[in-house]
Amino acid sequence: MRKTILLDTGWKFVKTASDVEAAVNSCGEDISLPHTWNAVDGQDGGNDYYRGTCWYTRKLEVPARKDDQEVWLEFNGAAMTAQVWLNGELLARHEGGYSTFRVNITEHLQEENVLAVSVDNSDNDSVYPQKADFTFYGGLYREVNLLIVPKAHFALGYAGGPGMKVTTAVKLGGGESCGCDGKDGNKLQFGGCEESDRELKPGSARITVEAWTEGPAESVEFTIDGQSKSAVVTDGYAKAVFIIENVHLWDGTNDPYLYTAQAKLDSGDEISTRFGCRVIRFDPQEGFFLNGRSYPLRGVSRHQDRAGAGNALTPEMHREDMEIIKEIGANTLRLAHYQHSQYFYDLCDEAGMIVWAEIPYITLHMENGVENTLSQMKELIIQNYNHPSIVCWGLSNEITASGGVTESLMENHRKLNDLCHSLDFTRPTTMAHVFMLETDSPLLAIPDIGSYNLYFGWYLGELSQNDSFFDAYHQTYPDRCIGFSEYGADANPAFQSAQPERGDYTESYQCVYHEHILDMIEKRPYLWATHVWNLFDFAADGRDEGGKNGVNQKGLVTMDRQLKKDAFYLYKAHWSSDPFVHICGRRYADRAEETTEIKVYSNQPQVTLYVDGKLVETQNGNYIFRFQVPISGEHCVEAKAGQTEGGMETASIETTSIETTGMKTTSKETASIETTGMKMADKVMMDDIRIRKVDKPNPEYCFIQDGGIVNWFDKEDFKEGYFSIKDTLAALQSNPQTGAIVGQMMAGAAASRGDVAESVKDNPNLLKMMGSMTLESMLKQAQDAVTPEQIRGLNSALQQIKKPE
């Protein structure tokens, strides 16, 4: 029997030490795991969080053990490069901060032992990630375990894997066609039966179980679903095949049924893994199919950090994230941009989420980092192969953002693609392409399926360009599976507007943005998956924008998980079957307009609005309901929705939890009300907010206190025949004098947006896309990076340069 001992206490953290001896002799700081040293400075902005080598030390007490037992250390996450020392001796080095690795310490144990682990997240040119829009937290931020196993045991040293691999092949029932694993014309299907399984009955599955051993193991006993089979171990490998009649499918969020496979050695070592039986298909015209039926993938992306904790998450935090994901009604997750916790992948299996898993090969191709991309991919696949939730392996993300497509980059992707296929023929490979990568690039042809990160309507361009981009791509490449891997708009809930526009960082514009994108997505069923960027705000210490330092605010939920922005409820209306009604703009309490728009999101077909208890209007609609309401003082606005029939009956009303600043807060509760002229077949959903009429717009709702750029100038500030901020970027860059001025301004603005913005500022494709934009519109987007005085000075300098005749 193997024994697992959690090493979560008794650690000392040493921020700086010259070597292992100095680290062990340092007083240090008493800490418990999980731990990161960047929980505070990695989230406060300035791009100055500590990146270097820190140390974790502790005494290591090993329980009494038999001579035929081995002792291993298991690290589930050490960011980014770790070295493991026992009693002053270096035993192992691991490069990659997101995967599990283990160290055999049996032969190095003494009567008294001191363990020291150095962890390094410093800048280098060989270990990913190095350039990306998120904080690279350092630390032992996941569990560390001590494992005691028999000498004959299931493999612990094989790429951090579980020692067992389960591959399923299902013959669907009900007359559905299974097809074969791999490519079928221009369709990709995985998990179906092969030619050799013609004798399989419809509704049955072939389960292949493989195990790897270390030490003098002779045979393995496998057990699945009440069946047991013994297999001989040859060169550390054993295999058995099972047939399950009337297989219970893992069917996404509808029914995520999991089987358990167990394996046992004569030595007593025993392991188990859960798995699911399912068939997945990717169709370039019709999108994603699960178990033979269309199953549109609509969901979100997730980073693994949160406010105050960094990436050192507890199981409770992981579970809370999953509950929020389930609440919004998503059925797919892109777990970006690295391997996530095994605990969270387990939650995905249990919840029926369809998962995109990837490695942190991101933004910048490093010539010295090729081997690291391959080792991280190998660990990702071997450690996560058995999770039925995972349906694809991501090769890279926006890898051309800071440079062009070189042969070295192409070769790296070919190697990764081949590695994925050699380790796993049951899933396709994919990539997330940056929006300025040309669609005819040969890079797009390497993975089995593809996806694009588009931000038209936020970083540049118009919302409608998202529509036209996918229409043009699908028309040009009708046989390619394409998805929408990132899209979003930053929103600080403190900022509100009755007339939202791109770049204002308001919660109001985030709603406008996502309303358009959702409509666009629903009209394009060929998109194999769509993922909002992001479900949660996350740390990007290089960012200082939108009134908040160190945070990417594209999340639908704040980084502390305490506030769900209005756009969260837009997606809940589209995706969730749990009845609800939500009034937008609860943080927009002070309103200067005479007539204000009250917008309601609901998954109910009918919504009724009341103001101060008086009926305003009942509307029928889909998801979005807009009411025009005259205001004169302070008002209580209520929205009600629910299924009704004729008659009169007392009904249950559920009010949603509201978050507001300086206003009345209502918690979720059930109240009894008497209704007139209607009978409630189910409970009536209700939400309420309070608003008040004010004489002037509340300046606290505006990101820029001095008003818009247009208001910073008088008409006489623009002379005809001379350059100004109203000219396009292309026109300004075509002139040597104005080009130099604008280039200097853009470099300064990029520096305030962090490493990624700085590295992509000279990307030729990005500059080409930006060429048709006026400098004025670009400045609106970067208004916190450029002061009003700087803009006036910039315009004044441009106005000194005459345009050519």
# chains A, B, ... in the order shown; residues from 1 in each chain; ligands from 1
call {"tool": "residues_around", "arguments": {"residues": "stretch 539-547 of chain A", "least_positions_apart": "2", "cutoff": "8 Å", "atoms": "only C-alpha atoms", "output": "number ranges by chain"}}
result
A: 41-49, 133-135, 305-307, 310, 490-492, 504-505, 537, 549-553, 703, 752-755, 784-785
call {"tool": "write_last_selection", "arguments": {"atoms": "C-alpha atoms", "output": "short mmCIF file (atom, residue, chain, number, x, y, z; two decimals), in the first residue's frame"}}
result
data_model
loop_
_atom_site.label_atom_id
_atom_site.label_comp_id
_atom_site.auth_asym_id
_atom_site.auth_seq_id
_atom_site.Cartn_x
_atom_site.Cartn_y
_atom_site.Cartn_z
CA ASP A 41 3.28 42.86 -5.41
CA GLY A 42 2.08 40.80 -8.38
CA GLN A 43 -1.29 42.54 -8.32
CA ASP A 44 -0.57 46.20 -7.51
CA GLY A 45 0.69 47.44 -10.88
CA GLY A 46 3.96 48.98 -11.90
CA ASN A 47 5.36 45.81 -13.49
CA ASP A 48 7.79 45.61 -10.59
CA TYR A 49 6.83 42.42 -8.77
CA ASP A 133 -0.48 39.61 -20.12
CA PHE A 134 -0.56 37.99 -16.69
CA THR A 135 1.60 37.85 -13.59
CA ASP A 305 -5.39 33.44 -9.49
CA ARG A 306 -7.48 35.67 -7.28
CA ALA A 307 -7.14 38.85 -5.23
CA GLY A 310 -2.28 35.04 -6.11
CA ASP A 490 -12.30 45.85 -19.75
CA ALA A 491 -14.84 47.15 -17.24
CA ASN A 492 -14.33 48.82 -13.89
CA ASP A 504 -14.38 54.28 -21.48
CA TYR A 505 -13.86 51.24 -19.20
CA ASP A 537 -10.52 39.69 -13.55
CA ASN A 549 -3.45 49.04 -11.26
CA GLY A 550 -2.12 45.57 -11.93
CA VAL A 551 -5.39 44.01 -13.08
CA ASN A 552 -6.84 42.96 -16.41
CA GLN A 553 -10.49 43.93 -15.96
CA PHE A 703 -12.76 57.33 -15.91
CA SER A 752 2.09 51.69 -19.52
CA ARG A 753 0.23 48.61 -20.77
CA GLY A 754 2.89 46.14 -19.73
CA ASP A 755 5.28 43.75 -21.42
CA ASP A 784 -5.13 57.03 -18.84
CA ALA A 785 -1.72 56.55 -20.45
#
call {"tool": "residues_around", "arguments": {"residues": "stretch 519-530 of chain A", "least_positions_apart": "3", "cutoff": "9 Å", "atoms": "only C-alpha atoms", "output": "mmCIF file with N, CA and C atoms, in the first residue's frame"}}
result
data_model
loop_
_atom_site.group_PDB
_atom_site.id
_atom_site.type_symbol
_atom_site.label_atom_id
_atom_site.label_comp_id
_atom_site.auth_asym_id
_atom_site.auth_seq_id
_atom_site.Cartn_x
_atom_site.Cartn_y
_atom_site.Cartn_z
ATOM 1 N N PHE A 282 -15.671 17.343 -34.518
ATOM 2 C CA PHE A 282 -15.510 18.746 -34.888
ATOM 3 C C PHE A 282 -15.863 18.890 -36.359
ATOM 4 N N ASP A 283 -16.879 19.683 -36.656
ATOM 5 C CA ASP A 283 -17.378 19.830 -38.016
ATOM 6 C C ASP A 283 -17.172 21.272 -38.466
ATOM 7 N N PRO A 284 -16.507 21.505 -39.602
ATOM 8 C CA PRO A 284 -16.227 22.882 -40.048
ATOM 9 C C PRO A 284 -17.473 23.670 -40.419
ATOM 10 N N GLN A 285 -18.602 22.994 -40.626
ATOM 11 C CA GLN A 285 -19.837 23.693 -40.966
ATOM 12 C C GLN A 285 -20.802 23.794 -39.778
ATOM 13 N N GLU A 286 -20.783 22.785 -38.931
ATOM 14 C CA GLU A 286 -21.798 22.700 -37.880
ATOM 15 C C GLU A 286 -21.248 22.758 -36.466
ATOM 16 N N GLY A 287 -19.948 22.914 -36.308
ATOM 17 C CA GLY A 287 -19.387 23.078 -34.982
ATOM 18 C C GLY A 287 -19.119 21.776 -34.266
ATOM 19 N N PHE A 288 -19.305 21.767 -32.977
ATOM 20 C CA PHE A 288 -18.921 20.644 -32.114
ATOM 21 C C PHE A 288 -20.085 19.684 -31.900
ATOM 22 N N PHE A 289 -19.746 18.372 -31.877
ATOM 23 C CA PHE A 289 -20.737 17.328 -31.620
ATOM 24 C C PHE A 289 -20.251 16.476 -30.445
ATOM 25 N N PRO A 296 -23.275 22.840 -29.159
ATOM 26 C CA PRO A 296 -22.524 24.095 -29.284
ATOM 27 C C PRO A 296 -21.760 24.418 -28.005
ATOM 28 N N LEU A 297 -20.488 24.692 -28.152
ATOM 29 C CA LEU A 297 -19.642 25.008 -27.009
ATOM 30 C C LEU A 297 -19.616 26.509 -26.784
ATOM 31 N N ARG A 298 -20.186 26.926 -25.664
ATOM 32 C CA ARG A 298 -20.259 28.331 -25.311
ATOM 33 C C ARG A 298 -19.785 28.488 -23.872
ATOM 34 N N GLY A 299 -18.693 29.233 -23.706
ATOM 35 C CA GLY A 299 -18.170 29.302 -22.352
ATOM 36 C C GLY A 299 -17.180 30.409 -22.133
ATOM 37 N N VAL A 300 -16.304 30.199 -21.178
ATOM 38 C CA VAL A 300 -15.421 31.246 -20.666
ATOM 39 C C VAL A 300 -14.006 30.710 -20.522
ATOM 40 N N THR A 332 -18.272 25.009 -21.524
ATOM 41 C CA THR A 332 -16.889 24.822 -21.951
ATOM 42 C C THR A 332 -15.987 25.818 -21.240
ATOM 43 N N ILE A 449 -7.368 21.798 -35.564
ATOM 44 C CA ILE A 449 -8.415 22.820 -35.553
ATOM 45 C C ILE A 449 -7.789 24.127 -35.082
ATOM 46 N N SER A 451 -8.383 28.565 -33.798
ATOM 47 C CA SER A 451 -9.231 29.539 -33.133
ATOM 48 C C SER A 451 -8.525 30.892 -33.164
ATOM 49 N N SER A 464 -18.451 45.440 -35.535
ATOM 50 C CA SER A 464 -18.880 44.706 -36.725
ATOM 51 C C SER A 464 -17.723 43.992 -37.427
ATOM 52 N N ASN A 466 -15.660 41.983 -36.088
ATOM 53 C CA ASN A 466 -15.647 40.597 -35.634
ATOM 54 C C ASN A 466 -16.499 39.743 -36.560
ATOM 55 N N ASP A 467 -17.665 40.265 -36.932
ATOM 56 C CA ASP A 467 -18.569 39.550 -37.829
ATOM 57 C C ASP A 467 -17.914 39.322 -39.189
ATOM 58 N N PHE A 470 -14.925 36.674 -39.325
ATOM 59 C CA PHE A 470 -15.293 35.255 -39.376
ATOM 60 C C PHE A 470 -16.013 34.904 -40.677
ATOM 61 N N ASP A 471 -16.812 35.823 -41.188
ATOM 62 C CA ASP A 471 -17.481 35.549 -42.469
ATOM 63 C C ASP A 471 -16.454 35.345 -43.574
ATOM 64 N N HIS A 474 -14.454 31.979 -42.955
ATOM 65 C CA HIS A 474 -15.239 30.778 -43.230
ATOM 66 C C HIS A 474 -15.494 30.604 -44.725
ATOM 67 N N CYS A 481 -12.024 23.931 -39.261
ATOM 68 C CA CYS A 481 -12.762 24.195 -38.030
ATOM 69 C C CYS A 481 -12.153 25.429 -37.368
ATOM 70 N N ILE A 482 -12.971 26.432 -37.138
ATOM 71 C CA ILE A 482 -12.492 27.676 -36.545
ATOM 72 C C ILE A 482 -13.335 28.028 -35.328
ATOM 73 N N GLY A 483 -12.676 28.533 -34.308
ATOM 74 C CA GLY A 483 -13.358 28.943 -33.093
ATOM 75 C C GLY A 483 -12.991 30.358 -32.711
ATOM 76 N N PHE A 484 -13.587 30.826 -31.620
ATOM 77 C CA PHE A 484 -13.424 32.191 -31.121
ATOM 78 C C PHE A 484 -12.867 32.064 -29.710
ATOM 79 N N SER A 485 -11.539 32.090 -29.585
ATOM 80 C CA SER A 485 -10.880 31.712 -28.340
ATOM 81 C C SER A 485 -10.725 32.838 -27.332
ATOM 82 N N GLU A 486 -10.804 34.079 -27.749
ATOM 83 C CA GLU A 486 -10.752 35.207 -26.813
ATOM 84 C C GLU A 486 -11.526 36.374 -27.387
ATOM 85 N N TYR A 487 -12.282 37.043 -26.535
ATOM 86 C CA TYR A 487 -12.906 38.321 -26.853
ATOM 87 C C TYR A 487 -13.354 38.945 -25.549
ATOM 88 N N HIS A 514 -20.593 42.913 -25.286
ATOM 89 C CA HIS A 514 -20.961 41.497 -25.246
ATOM 90 C C HIS A 514 -22.338 41.235 -25.860
ATOM 91 N N GLU A 515 -23.223 42.198 -25.817
ATOM 92 C CA GLU A 515 -24.512 42.022 -26.496
ATOM 93 C C GLU A 515 -24.292 41.813 -27.990
ATOM 94 N N HIS A 516 -23.415 42.602 -28.566
ATOM 95 C CA HIS A 516 -23.133 42.457 -30.000
ATOM 96 C C HIS A 516 -22.463 41.116 -30.286
#
call {"tool": "select_by_dssp", "arguments": {"residues": "stretch 225-353 of chain A", "states": "strand (DSSP E)", "output": "MDAnalysis selection string"}}
result
chainID A and resid 227:232 237:244 250:251 255:256 259:265 270:275 280:283 287:290 293:294 297:302 332:335
call {"tool": "atom_distance", "arguments": {"atom1": "atom CA of A:Asp418", "atom2": "atom CA of A:Gly450"}}
result
16.0 Å
call {"tool": "residues_around", "arguments": {"residues": "A:Asn25", "least_positions_apart": "5", "cutoff": "10 Å", "atoms": "only C-alpha atoms", "output": "list of chain:residue names"}}
result
A:Val14, A:Ala17, A:Val20, A:Thr57
call {"tool": "atom_distance", "arguments": {"atom1": "atom CA of A:Leu798", "atom2": "atom CA of A:Ser777"}}
result
15.9 Å
call {"tool": "select_by_dssp", "arguments": {"residues": "stretch 206-394 of chain A", "states": "helix (DSSP H, G or I)", "output": "JSON, numbers by chain"}}
result
{"A": [252, 253, 254, 315, 316, 317, 318, 319, 320, 321, 322, 323, 324, 325, 326, 327, 328, 342, 343, 344, 345, 346, 347, 348, 349, 350, 351, 367, 368, 369, 370, 371, 372, 373, 374, 375, 376, 377, 378, 379, 380, 381, 382, 383, 384]}
call {"tool": "atom_distance", "arguments": {"atom1": "atom CA of A:Gly192", "atom2": "atom CA of A:Lys229"}}
result
23.4 Å
call {"tool": "residues_around", "arguments": {"residues": "A:Val220", "least_positions_apart": "6", "cutoff": "8 Å", "atoms": "only C-alpha atoms", "output": "JSON, numbers by chain"}}
result
{"A": [230, 231, 232, 233, 238, 263, 264, 265, 266]}
